[in-house]
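The structure appears below as structure tokens.
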There are 2 protein chains.
Amino acid sequence: MLQKANAQVSQANRHRPPSPTLQDVATAAGVSTATVSRCLNAPDRVVAKTREKVLRVVREMGYAPNFGAQALAAKRTNTIGAIIPTMENAIFARGLQAFQEELARHGLTLLVASSSYQPDLEEEQIRTLIARGADALLLIGFDRAQGVYDYLEKRGIPYVISWAHRGGSGPLAVGFDNRAAMRLLADKVFALGHEAVAVISAPVAQNDRARERVEAVQDAAAAAHGAGAAISIVEVPYAIENGARAMADLMAQTPRPTAVLCGNDVLAVGALARTRALGLDVPRDVSITGFDDIELAQIADPALTTVHVPHADMGREAASLIARLLSGGTGESVALETRIVMRGSLGPPGKP
Amino acid sequence: MLQKANAQVSQANRHRPPSPTLQDVATAAGVSTATVSRCLNAPDRVVAKTREKVLRVVREMGYAPNFGAQALAAKRTNTIGAIIPTMENAIFARGLQAFQEELARHGLTLLVASSSYQPDLEEEQIRTLIARGADALLLIGFDRAQGVYDYLEKRGIPYVISWAHRGGSGPLAVGFDNRAAMRLLADKVFALGHEAVAVISAPVAQNDRARERVEAVQDAAAAAHGAGAAISIVEVPYAIENGARAMADLMAQTPRPTAVLCGNDVLAVGALARTRALGLDVPRDVSITGFDDIELAQIADPALTTVHVPHADMGREAASLIARLLSGGTGESVALETRIVMRGSLGPPGKP
DNA sequence: GCAATGCTTGTAAGCGCTTACATTAGTCGG
DNA sequence: CCGACTAATGTAAGCGCTTACAAGCATTGC
């Protein structure tokens with residue numbers, strides 16, 4: 001493939017001495033390759049004097065192990081794959097940032113792909129990352145075809161689910177209970193006296209997090225107003241503009257909802273902006289809530305009442321769980337706590 | 001669709017049959033390993049009939065090449081490393097998203113690390129990613145020790161600089177002219193009649209983008225009010241809270257600036273929030289501008305006048321440039337256009 | 001002082017794939 | 001129908017590292 005390199009590359013390629021190999025180091029240090037390898041990978045299996053001599057040579061020659069060779073011989077790459085829906089949403093980007101930082105602390109490197117919330121793309125990415133030598137994977141949410149789980153098991157690739165958590169057995173997960181989190185918020189909304197409540201959610205098919213959040217609102221409605229309580233639900237992909245459009249539709253309904261719970265802050269911020277553009281007051285005319293507690297939520301005016309998701313902890317914990325699994329340790333799922341952040345966008349329903 | 005995967009890692013590891021190798025496929029298909037390899041990597045060097053037979057066997061056996069072996073033998077990993085300051089800032093996260101999508105389109109995978117704006121950490125990450133087999137690198141900005149560039153050249157690793165661009169020769173870059181972009185905005189500010197102007201910037205040491213933006217404001221000031229024109233400059237790391245604190249300090253100065261240009265939207269949003277908390281009106285009492293045009297900028301109230309940075313184009317172009325370099329093609333730097341987005345946070349100075 | 005014991009180090013066999021080169025099959029003009 | 005030439009396929013040599021096993025060596029107990 002890489003036949004003739006371009007000007008820049010070929011220049012660099014021209015007179016470049018091949019980088020030193022283990023063998024070169026071994027020869028220079030007057031020991032065997034095995035000893036050099038041990039100095040690097042299991043220093044205490046080599047006597048101090050030898051080790052120092054070898055490491056000095058390593059430093060002098062600027063030796064760095066060849067990745068492919070190491071992967072081939074050791075059957076591991078110290079590389080972890082993560083497939084997240086998108087980095088466009090700050091909550092995932094920041095979770096990933098924390099994940100990467102913690103991985104780095106364990107000598108692991110992060111391989112990234114995004115699925116754009118498309119299950120088949122996610123499946124393809126999973127295969128790609130495994131083919132690229134990922135030693136373990138981080139996946140978001142539980143919803144995916146059984147075949148994917150089977151594949152993972154068959155290949156024996158450890159994986160951790162994040163952004164969701166369920167009691168009982170099942171895949172290892174580091175996340176939070178989406179249903180419980182949203183339920184708490186919805187209960188607060190109903191406790192304020194709202195009756196006409198609507199939800200703007202991401203499409204719930206193939207998305208357990210979104211689905212559980214919606215169900216939580218339905219549960220809360222049933223608890224507050226009996227099984228008959230109906231709430232409108234609008235499903236649109238996560239995007240500010242979609243939140244705005246969905247809100248416009250809801251505000252045109254009769255009777256108009258007095259509270260709109262959104263599936264995440266991005267939708268909520270769009271809804272909020274549109275509401276104000278329509279000349280309505282938040283929360284007097286309508287209350288709006290979000291989910292995630294990203295920066296947008298505090299900046300919005302009025303600031304969004306939302307559910308704070310511990311994205312950084314989640315990323316960090318997931319990374320250290322993976323590190324533990326890879327070093328042969330055992331691991332348990334971790335349930336993290338969310339909390340409701342009360343801000344200006346939620347209030348009691350206005351008296352008509 | 002829903003699944004209960006019984007993921008016990010140790011279980012999965014127990015009796016797993018080894019995945020098929022090239023040799024297995026070759027034997028099953030009744031050809032040599034070379035032919036199988038060619039079917040996969042250079043299909044047109046194999047006659048159709050053989051190819052179909054081999055590919056069928058590949059599919060049936062679920063063969064996937066061993067990454068390490070491939071990397072070792074082919075001396076390439078189809079993996080690209082990117083080192084960005086942080087994913088916490090949406091502008092980088094989104095640029096990276098576009099970068100990854102385009103890489104995927106070329107069959108390349110993304111390896112990610114973040115430097116937290118620390119040069120030595122960046123240098124370490126560069127070495128790590130190269131050691132991990134990255135075929136090429138994406139780096140942000142030009143500022144880094146000469147030794148790093150030397151190392152890159154010595155190792156013959158192609159790299160592309162993003163988020164900045166300079167005329168003339170030098171490293172390949174896909175970015176925009178930070179100085180020109182900020183100059184345009186600053187000129188508008190001065191044209192409105194502002195005289196007491198301040199800047200809230202990220203620390204400019206080791207950060208060419210930040211530095212050029214500050215210098216652009218100084219240039220504009222000199223052009224508008226003569227060489228003596230002094231503007232206050234506050235340097236704080238990018239963070240909403242830091243923007244807020246810096247703004248509070250500036251608002252306590254006498255004379256109070258009538259316009260504050262911020263190094264990015266994150267700082268600007270913090271500055272804006274604090275200004276309003278202080279009871280001041282934007283833009284009547286003080287104008288505020290940002291840089292990047294992330295979502296926060298439109299959501300802020302008043303919405304931020306800012307510089308729109310084509311993050312997605314940048315990511316995409318950088319990825320395709322890298323793909324071209326790796327396939328032996330030649331590449332040129334790309335200069336992208338920014339544009340000023342006028343919104344409510346900038347106005348003429350209030351008459352005292 | 002000698003064998004047993006426990007470390008340290010060396011030897012060498014792969015790991016699975018790519019690819020230069022050798023070999024064989026196929027094509028075509030004469 | 002044959003020889004020359006080209007296309008298709010096979011052979012086998014690594015790529016650089018890890019690690020099981022072997023060998024060497026210094027202690028230690030008797």
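We name chains A, B, ... following the order of the structure tokens; residues begin at 1 in each chain, and ligands are numbered from 1 as shown.
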Listing only residues of segment 1-29 of chain C within 12 Å of segment 5-12 of chain D, what is the closest atom pair and its distance in Å (to one decimal) for each, using only C-alpha atoms (C1' of nucleotides), sorted by chain and residue number ascending, as a tab-separated table?
residue	atom	partner	partner_atom	distance
C:DT18	C1'	D:DA12	C1'	11.5
C:DT19	C1'	D:DA12	C1'	10.3
C:DA20	C1'	D:DA12	C1'	10.0
C:DC21	C1'	D:DT11	C1'	8.8
C:DA22	C1'	D:DT11	C1'	7.5
C:DT23	C1'	D:DG10	C1'	7.2
C:DT24	C1'	D:DT9	C1'	7.6
C:DA25	C1'	D:DA8	C1'	7.3
C:DG26	C1'	D:DA7	C1'	7.5
C:DT27	C1'	D:DT6	C1'	7.9
C:DC28	C1'	D:DC5	C1'	9.1
C:DG29	C1'	D:DC5	C1'	10.9
Quick one: write out the picked residues with N, CA and C atoms (P, O5', C5', C4', C3', O3' and C1' of nucleotides) as a tab-separated table (two decimals), in the first residue's frame?
chain	number	residue	atom	x	y	z
C	18	DT	P	-1.81	-9.35	6.15
C	18	DT	O5'	-0.34	-9.09	5.58
C	18	DT	C5'	0.40	-7.99	6.10
C	18	DT	C4'	1.74	-7.93	5.43
C	18	DT	C3'	1.71	-7.70	3.91
C	18	DT	O3'	2.70	-6.73	3.64
C	18	DT	C1'	2.97	-9.63	4.40
C	19	DT	P	2.77	-5.98	2.28
C	19	DT	O5'	3.93	-6.77	1.53
C	19	DT	C5'	5.20	-6.90	2.17
C	19	DT	C4'	6.08	-7.81	1.35
C	19	DT	C3'	5.88	-7.68	-0.17
C	19	DT	O3'	7.15	-7.81	-0.77
C	19	DT	C1'	5.60	-9.89	0.46
C	20	DA	P	7.52	-6.82	-1.99
C	20	DA	O5'	8.98	-7.37	-2.39
C	20	DA	C5'	9.96	-7.55	-1.37
C	20	DA	C4'	10.77	-8.80	-1.66
C	20	DA	C3'	11.20	-8.94	-3.13
C	20	DA	O3'	12.51	-9.50	-3.16
C	20	DA	C1'	9.82	-10.77	-2.53
C	21	DC	P	13.26	-9.64	-4.58
C	21	DC	O5'	12.97	-11.17	-4.90
C	21	DC	C5'	13.26	-12.15	-3.90
C	21	DC	C4'	12.74	-13.49	-4.36
C	21	DC	C3'	13.00	-13.81	-5.84
C	21	DC	O3'	13.64	-15.07	-5.91
C	21	DC	C1'	10.76	-14.24	-5.29
C	22	DA	P	13.91	-15.78	-7.34
C	22	DA	O5'	12.92	-17.02	-7.23
C	22	DA	C5'	12.95	-17.83	-6.05
C	22	DA	C4'	11.99	-18.98	-6.23
C	22	DA	C3'	12.13	-19.72	-7.57
C	22	DA	O3'	11.95	-21.11	-7.33
C	22	DA	C1'	9.96	-18.78	-7.42
C	23	DT	P	11.99	-22.13	-8.59
C	23	DT	O5'	10.45	-22.35	-8.87
C	23	DT	C5'	9.59	-22.77	-7.81
C	23	DT	C4'	8.18	-22.85	-8.31
C	23	DT	C3'	8.03	-23.64	-9.63
C	23	DT	O3'	7.06	-24.64	-9.41
C	23	DT	C1'	6.88	-21.58	-9.73
C	24	DT	P	6.86	-25.78	-10.56
C	24	DT	O5'	5.38	-25.46	-11.06
C	24	DT	C5'	4.36	-25.24	-10.09
C	24	DT	C4'	3.21	-24.56	-10.77
C	24	DT	C3'	2.76	-25.23	-12.08
C	24	DT	O3'	1.37	-25.47	-11.99
C	24	DT	C1'	3.02	-22.91	-12.38
C	25	DA	P	0.59	-26.24	-13.10
C	25	DA	O5'	-0.37	-25.10	-13.65
C	25	DA	C5'	-1.10	-24.31	-12.72
C	25	DA	C4'	-1.82	-23.21	-13.48
C	25	DA	C3'	-2.53	-23.68	-14.73
C	25	DA	O3'	-3.79	-23.02	-14.76
C	25	DA	C1'	-0.95	-22.01	-15.31
C	26	DG	P	-4.81	-23.27	-15.93
C	26	DG	O5'	-4.59	-21.99	-16.82
C	26	DG	C5'	-4.59	-20.69	-16.20
C	26	DG	C4'	-4.44	-19.63	-17.26
C	26	DG	C3'	-5.18	-19.95	-18.57
C	26	DG	O3'	-5.82	-18.75	-18.98
C	26	DG	C1'	-2.88	-19.54	-19.02
C	27	DT	P	-6.69	-18.69	-20.32
C	27	DT	O5'	-5.73	-17.84	-21.25
C	27	DT	C5'	-5.18	-16.61	-20.74
C	27	DT	C4'	-4.43	-15.90	-21.86
C	27	DT	C3'	-5.11	-16.00	-23.23
C	27	DT	O3'	-5.07	-14.71	-23.83
C	27	DT	C1'	-2.88	-16.83	-23.36
C	28	DC	P	-5.88	-14.44	-25.19
C	28	DC	O5'	-4.69	-14.34	-26.24
C	28	DC	C5'	-3.48	-13.63	-25.88
C	28	DC	C4'	-2.46	-13.84	-26.97
C	28	DC	C3'	-3.07	-13.99	-28.37
C	28	DC	O3'	-2.32	-13.24	-29.30
C	28	DC	C1'	-1.70	-15.83	-27.90
C	29	DG	P	-2.98	-12.82	-30.69
C	29	DG	O5'	-1.69	-12.70	-31.61
C	29	DG	C5'	-0.50	-12.08	-31.08
C	29	DG	C4'	0.72	-12.78	-31.66
C	29	DG	C3'	0.70	-12.89	-33.18
C	29	DG	O3'	2.01	-12.65	-33.68
C	29	DG	C1'	0.78	-15.06	-32.24
Using DSSP on the backbone, list every residue of segment 185-241 of chain A that comes out as helix (DSSP H, G or I), and give them as a VMD selection string. chain A and resid 185 to 191 208 to 225 240 to 241
Output file for the selection above: N, CA and C atoms, as a short mmCIF file (atom, residue, chain, number, x, y, z; two decimals), in the first residue's frame:
data_model
loop_
_atom_site.label_atom_id
_atom_site.label_comp_id
_atom_site.auth_asym_id
_atom_site.auth_seq_id
_atom_site.Cartn_x
_atom_site.Cartn_y
_atom_site.Cartn_z
N LEU A 185 -37.10 13.50 39.75
CA LEU A 185 -37.39 14.81 39.18
C LEU A 185 -38.88 14.94 38.85
N ALA A 186 -39.42 13.89 38.24
CA ALA A 186 -40.84 13.94 37.85
C ALA A 186 -41.73 14.07 39.09
N ASP A 187 -41.35 13.37 40.14
CA ASP A 187 -42.15 13.47 41.36
C ASP A 187 -42.19 14.91 41.86
N LYS A 188 -41.06 15.56 41.77
CA LYS A 188 -41.01 16.96 42.20
C LYS A 188 -41.95 17.81 41.34
N VAL A 189 -41.94 17.53 40.07
CA VAL A 189 -42.80 18.29 39.16
C VAL A 189 -44.26 18.11 39.53
N PHE A 190 -44.66 16.86 39.75
CA PHE A 190 -46.06 16.61 40.08
C PHE A 190 -46.39 17.17 41.46
N ALA A 191 -45.42 17.12 42.34
CA ALA A 191 -45.66 17.63 43.69
C ALA A 191 -45.95 19.12 43.66
N ASP A 208 -32.09 2.49 25.84
CA ASP A 208 -32.64 2.21 27.17
C ASP A 208 -32.63 3.42 28.08
N ARG A 209 -31.60 4.26 27.96
CA ARG A 209 -31.55 5.43 28.85
C ARG A 209 -32.74 6.33 28.59
N ALA A 210 -32.96 6.63 27.31
CA ALA A 210 -34.09 7.51 26.97
C ALA A 210 -35.40 6.86 27.39
N ARG A 211 -35.53 5.57 27.11
CA ARG A 211 -36.79 4.89 27.41
C ARG A 211 -37.08 4.90 28.91
N GLU A 212 -36.09 4.61 29.70
CA GLU A 212 -36.31 4.58 31.14
C GLU A 212 -36.69 5.95 31.69
N ARG A 213 -36.12 6.96 31.09
CA ARG A 213 -36.47 8.30 31.56
C ARG A 213 -37.94 8.60 31.26
N VAL A 214 -38.36 8.24 30.09
CA VAL A 214 -39.76 8.48 29.73
C VAL A 214 -40.67 7.66 30.64
N GLU A 215 -40.32 6.42 30.83
CA GLU A 215 -41.16 5.56 31.67
C GLU A 215 -41.25 6.09 33.10
N ALA A 216 -40.16 6.67 33.54
CA ALA A 216 -40.17 7.21 34.89
C ALA A 216 -41.21 8.32 35.01
N VAL A 217 -41.31 9.13 33.97
CA VAL A 217 -42.30 10.22 34.02
C VAL A 217 -43.70 9.61 34.02
N GLN A 218 -43.90 8.59 33.21
CA GLN A 218 -45.21 7.94 33.16
C GLN A 218 -45.55 7.33 34.52
N ASP A 219 -44.56 6.70 35.14
CA ASP A 219 -44.79 6.12 36.46
C ASP A 219 -45.19 7.21 37.45
N ALA A 220 -44.46 8.30 37.40
CA ALA A 220 -44.74 9.38 38.34
C ALA A 220 -46.14 9.95 38.11
N ALA A 221 -46.51 10.04 36.85
CA ALA A 221 -47.83 10.56 36.51
C ALA A 221 -48.91 9.64 37.07
N ALA A 222 -48.69 8.35 36.87
CA ALA A 222 -49.66 7.38 37.38
C ALA A 222 -49.75 7.47 38.90
N ALA A 223 -48.61 7.63 39.53
CA ALA A 223 -48.61 7.71 40.99
C ALA A 223 -49.33 8.96 41.46
N ALA A 224 -49.18 10.03 40.72
CA ALA A 224 -49.75 11.30 41.16
C ALA A 224 -51.22 11.44 40.81
N HIS A 225 -51.56 10.96 39.63
CA HIS A 225 -52.92 11.22 39.15
C HIS A 225 -53.68 9.97 38.76
N ILE A 240 -30.51 20.90 19.80
CA ILE A 240 -31.16 22.10 20.29
C ILE A 240 -32.36 22.46 19.42
N GLU A 241 -32.13 22.45 18.12
CA GLU A 241 -33.18 22.86 17.22
C GLU A 241 -34.39 21.94 17.30
#
With all C-alpha atoms paired in order, what RMSD does the least-squares fit of chain B onto chain A leave? 3.4 Å
Within 6 Å of chain B, which residues of chain A come that close, and what is the closest atom pair and distance in Å for each? Count only C-alpha atoms and give it as CSV.
residue,atom,partner,partner_atom,distance
A:Leu2,CA,B:Ser327,CA,5.7
A:Lys4,CA,B:Gly328,CA,5.4
A:Ala5,CA,B:Gly328,CA,4.1
A:Asn6,CA,B:Thr330,CA,4.7
A:Ala12,CA,B:Gly156,CA,4.9
A:Asn13,CA,B:Gly156,CA,5.8
A:Phe67,CA,B:Gly133,CA,5.5
A:Gly68,CA,B:Leu72,CA,4.4
A:Ala69,CA,B:Leu72,CA,5.3
A:Ala71,CA,B:Gly68,CA,4.7
A:Leu72,CA,B:Gly68,CA,4.4
A:Met87,CA,B:Ala93,CA,5.6
A:Glu88,CA,B:Arg94,CA,5.2
A:Ala93,CA,B:Met87,CA,5.6
A:Arg94,CA,B:Glu88,CA,5.2
A:Gln97,CA,B:Met87,CA,5.7
A:Leu110,CA,B:Val112,CA,5.6
A:Leu111,CA,B:Leu111,CA,4.5
A:Val112,CA,B:Leu110,CA,5.6
A:Arg132,CA,B:Phe67,CA,5.6
A:Gly133,CA,B:Phe67,CA,5.5
A:Asp143,CA,B:Leu2,CA,5.7
A:Ala145,CA,B:Met1,CA,5.1
A:Gln146,CA,B:Gln3,CA,5.5
A:Glu153,CA,B:Ala12,CA,5.6
A:Gly156,CA,B:Ala12,CA,5.2
A:Pro158,CA,B:Val9,CA,5.9
A:Gly170,CA,B:Asn6,CA,5.0
A:Pro171,CA,B:Ala7,CA,4.8
A:Leu296,CA,B:Leu296,CA,5.9
Select from chain C every residue with an atom at most 12 Å from any atom of chain A, then for each give the shortest pair of atoms and their distance in Å to one decimal, using only C-alpha atoms (C1' of nucleotides), rows by chain and rising number, as a Markdown table.
| residue | atom | partner | partner_atom | distance |
| --- | --- | --- | --- | --- |
| C:DC7 | C1' | A:Arg45 | CA | 8.9 |
| C:DT8 | C1' | A:Val46 | CA | 6.7 |
| C:DT9 | C1' | A:Thr35 | CA | 6.8 |
| C:DG10 | C1' | A:Ser32 | CA | 6.3 |
| C:DT11 | C1' | A:Ser32 | CA | 9.0 |
| C:DA12 | C1' | A:Ala34 | CA | 10.5 |
| C:DA13 | C1' | A:Ala73 | CA | 11.7 |
| C:DG14 | C1' | A:Ala73 | CA | 8.6 |
| C:DC15 | C1' | A:Ala73 | CA | 5.0 |
| C:DG16 | C1' | A:Leu72 | CA | 7.6 |
| C:DC17 | C1' | A:Leu72 | CA | 10.0 |
| C:DT18 | C1' | A:Met1 | CA | 11.0 |
| C:DT19 | C1' | A:Met1 | CA | 11.4 |
Return as a PyMOL selection string the full set of residues in segment 44-163 of chain B whose backbone-based DSSP assignment is strand (DSSP E). chain B and resi 79-84+109-114+136-140+159-162
Expected file: the selected residues, N, CA and C atoms, as a short mmCIF file (atom, residue, chain, number, x, y, z; two decimals), in the first residue's frame:
data_model
loop_
_atom_site.label_atom_id
_atom_site.label_comp_id
_atom_site.auth_asym_id
_atom_site.auth_seq_id
_atom_site.Cartn_x
_atom_site.Cartn_y
_atom_site.Cartn_z
N THR B 79 -4.04 3.35 12.24
CA THR B 79 -4.50 4.04 13.44
C THR B 79 -3.87 5.43 13.47
N ILE B 80 -4.68 6.43 13.74
CA ILE B 80 -4.18 7.80 13.77
C ILE B 80 -4.31 8.36 15.17
N GLY B 81 -3.29 8.98 15.65
CA GLY B 81 -3.36 9.56 16.99
C GLY B 81 -3.72 11.04 16.94
N ALA B 82 -4.52 11.47 17.91
CA ALA B 82 -4.83 12.89 18.00
C ALA B 82 -4.59 13.33 19.43
N ILE B 83 -3.89 14.43 19.58
CA ILE B 83 -3.66 14.95 20.92
C ILE B 83 -4.25 16.34 20.96
N ILE B 84 -5.31 16.48 21.71
CA ILE B 84 -5.97 17.77 21.78
C ILE B 84 -5.87 18.28 23.21
N THR B 109 -8.64 4.39 12.23
CA THR B 109 -9.20 4.46 13.57
C THR B 109 -8.49 5.53 14.37
N LEU B 110 -9.21 6.09 15.31
CA LEU B 110 -8.70 7.22 16.07
C LEU B 110 -8.23 6.84 17.47
N LEU B 111 -7.02 7.25 17.77
CA LEU B 111 -6.41 7.05 19.08
C LEU B 111 -6.37 8.43 19.72
N VAL B 112 -6.89 8.56 20.93
CA VAL B 112 -7.02 9.90 21.50
C VAL B 112 -6.26 10.11 22.79
N ALA B 113 -5.70 11.26 22.92
CA ALA B 113 -5.10 11.65 24.19
C ALA B 113 -5.31 13.14 24.37
N SER B 114 -5.32 13.59 25.60
CA SER B 114 -5.46 15.03 25.80
C SER B 114 -4.34 15.53 26.67
N ALA B 136 0.14 8.21 12.05
CA ALA B 136 0.24 9.65 11.84
C ALA B 136 -0.40 10.34 13.02
N LEU B 137 -0.14 11.63 13.15
CA LEU B 137 -0.68 12.36 14.31
C LEU B 137 -1.39 13.64 13.91
N LEU B 138 -2.37 13.99 14.72
CA LEU B 138 -3.01 15.29 14.61
C LEU B 138 -2.63 16.06 15.86
N LEU B 139 -2.09 17.25 15.67
CA LEU B 139 -1.70 18.06 16.81
C LEU B 139 -2.39 19.42 16.72
N ILE B 140 -2.61 20.03 17.85
CA ILE B 140 -3.28 21.33 17.85
C ILE B 140 -2.26 22.45 18.03
N TYR B 159 2.53 14.19 10.34
CA TYR B 159 1.64 14.84 11.29
C TYR B 159 1.03 16.05 10.66
N VAL B 160 -0.12 16.41 11.18
CA VAL B 160 -0.82 17.59 10.68
C VAL B 160 -1.17 18.46 11.88
N ILE B 161 -0.93 19.74 11.72
CA ILE B 161 -1.28 20.70 12.76
C ILE B 161 -2.68 21.21 12.47
N SER B 162 -3.48 21.34 13.49
CA SER B 162 -4.79 21.92 13.25
C SER B 162 -5.04 23.08 14.18
#
Taking 2 positions as the minimum chain separation for residues in the same chain, which residues sit within 10 Å of Val341 of chain B when counting only C-alpha atoms (C1' of nucleotides)? Answer as a ChimeraX atom specification. /B:185,289-293,297-298,304-308,338-339,343-344
Give me, as a PyMOL selection string, all polymer residues having an atom no more than 12 Å from DT27 of chain D, counting only C-alpha atoms (C1' of nucleotides) and skipping those fewer than 6 positions away in the same chain. chain C and resi 3-7
At a cut-off of 6 Å, using only C-alpha atoms (C1' of nucleotides), what residues contact segment 259-264 of chain B? Leave out same-chain residues fewer than 4 positions from it and give the result as a CSV table (one decimal) with all heavy atoms, in the first residue's frame.
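Everything below was put into around34.csv:
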chain,number,residue,atom,x,y,z
B,197,VAL,N,-10.7,49.0,26.3
B,197,VAL,CA,-10.9,47.7,25.9
B,197,VAL,C,-10.0,46.7,26.7
B,197,VAL,O,-8.9,47.1,27.0
B,197,VAL,CB,-10.7,47.5,24.4
B,197,VAL,CG1,-10.6,46.0,24.0
B,197,VAL,CG2,-11.7,48.2,23.6
B,198,ALA,N,-10.6,45.6,27.1
B,198,ALA,CA,-9.8,44.6,27.9
B,198,ALA,C,-9.9,43.3,27.2
B,198,ALA,O,-10.8,43.0,26.4
B,198,ALA,CB,-10.2,44.5,29.3
B,199,VAL,N,-8.9,42.4,27.6
B,199,VAL,CA,-8.9,41.1,27.0
B,199,VAL,C,-8.8,40.1,28.1
B,199,VAL,O,-8.1,40.3,29.1
B,199,VAL,CB,-7.7,40.9,26.1
B,199,VAL,CG1,-7.6,39.5,25.6
B,199,VAL,CG2,-7.8,41.8,24.9
B,200,ILE,N,-9.7,39.1,28.0
B,200,ILE,CA,-9.5,37.9,29.0
B,200,ILE,C,-9.0,36.8,28.1
B,200,ILE,O,-9.8,36.3,27.2
B,200,ILE,CB,-10.8,37.5,29.7
B,200,ILE,CG1,-11.4,38.7,30.4
B,200,ILE,CG2,-10.6,36.4,30.6
B,200,ILE,CD1,-12.7,38.4,31.1
B,201,SER,N,-7.8,36.3,28.3
B,201,SER,CA,-7.2,35.3,27.4
B,201,SER,C,-6.8,34.1,28.3
B,201,SER,O,-6.5,34.2,29.5
B,201,SER,CB,-6.0,35.9,26.7
B,201,SER,OG,-5.3,34.9,26.1
B,268,ALA,N,-16.0,33.8,27.8
B,268,ALA,CA,-16.9,34.9,27.6
B,268,ALA,C,-18.3,34.6,28.3
B,268,ALA,O,-18.9,35.6,28.9
B,268,ALA,CB,-17.2,35.1,26.1
B,286,VAL,N,-21.3,47.2,29.3
B,286,VAL,CA,-20.0,46.7,28.8
B,286,VAL,C,-20.4,45.6,27.7
B,286,VAL,O,-21.3,44.8,27.9
B,286,VAL,CB,-19.2,46.0,29.9
B,286,VAL,CG1,-20.0,44.9,30.7
B,286,VAL,CG2,-17.9,45.5,29.4
B,287,SER,N,-19.6,45.7,26.7
B,287,SER,CA,-19.8,44.7,25.6
B,287,SER,C,-18.8,43.5,25.9
B,287,SER,O,-17.8,43.7,26.5
B,287,SER,CB,-19.4,45.3,24.2
B,287,SER,OG,-20.4,46.1,23.8
B,288,ILE,N,-19.3,42.3,25.5
B,288,ILE,CA,-18.4,41.1,25.7
B,288,ILE,C,-18.4,40.3,24.4
B,288,ILE,O,-19.5,40.2,23.7
B,288,ILE,CB,-19.0,40.3,26.8
B,288,ILE,CG1,-18.9,41.0,28.1
B,288,ILE,CG2,-18.3,38.9,26.9
B,288,ILE,CD1,-19.5,40.3,29.3
B,289,THR,N,-17.3,39.8,24.0
B,289,THR,CA,-17.2,38.9,22.8
B,289,THR,C,-16.5,37.6,23.1
B,289,THR,O,-15.7,37.6,24.1
B,289,THR,CB,-16.5,39.6,21.6
B,289,THR,OG1,-15.1,39.7,21.9
B,289,THR,CG2,-17.1,41.0,21.3
B,290,GLY,N,-16.8,36.6,22.3
B,290,GLY,CA,-16.2,35.3,22.5
B,290,GLY,C,-15.4,34.9,21.3
B,290,GLY,O,-15.0,35.7,20.5
B,291,PHE,N,-15.2,33.6,21.2
B,291,PHE,CA,-14.4,33.1,20.1
B,291,PHE,C,-14.7,31.6,20.1
B,291,PHE,O,-14.6,30.9,21.1
B,291,PHE,CB,-12.9,33.3,20.3
B,291,PHE,CG,-12.1,33.2,19.0
B,291,PHE,CD1,-11.5,34.4,18.5
B,291,PHE,CD2,-11.9,32.0,18.3
B,291,PHE,CE1,-10.7,34.3,17.4
B,291,PHE,CE2,-11.2,32.0,17.2
B,291,PHE,CZ,-10.6,33.1,16.7
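Taking atom CA of Glu195 of chain A and atom CA of Arg256 of chain A as the two end points, the separation is 10.4 Å.
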May I ask which of the residues A:Gly226, A:Pro255, A:Gly315, A:Pro310 is the closest one to Ile340 of chain A, counting only C-alpha atoms? A:Pro310
Show which residues sit within 8 Å of Val25 of chain B, as an MDAnalysis selection string. Count only C-alpha atoms (C1' of nucleotides), and ignore same-chain residues fewer than 4 positions away. chainID B and resid 20:21 29 33 36 54 57:58 61 63
For chain A, the closest of D:DA22, D:DC30, D:DC17, D:DC1 counting only C-alpha atoms (C1' of nucleotides) is D:DC17
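When atom CA of Leu267 of chain B is paired with atom CA of Pro348 of chain B, their separation reads 21.1 Å.
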From the options A:Glu235, A:Glu60, A:Asp285, A:Asp135, which residue's atoms come nearest to Thr258 of chain A, counting only C-alpha atoms?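 Using only C-alpha atoms, Thr258 of chain A sits closest to A:Asp285.
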Compile the residues of chain D that lie within 12 Å of chain A, evaluated using only C-alpha atoms (C1' of nucleotides), and express the compilation as a PyMOL selection string. chain D and resi 15-20
Atom pair atom CA of Leu192 of chain B / atom CA of Asn242 of chain B: separation (Å):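 So the answer is 27.1 Å.
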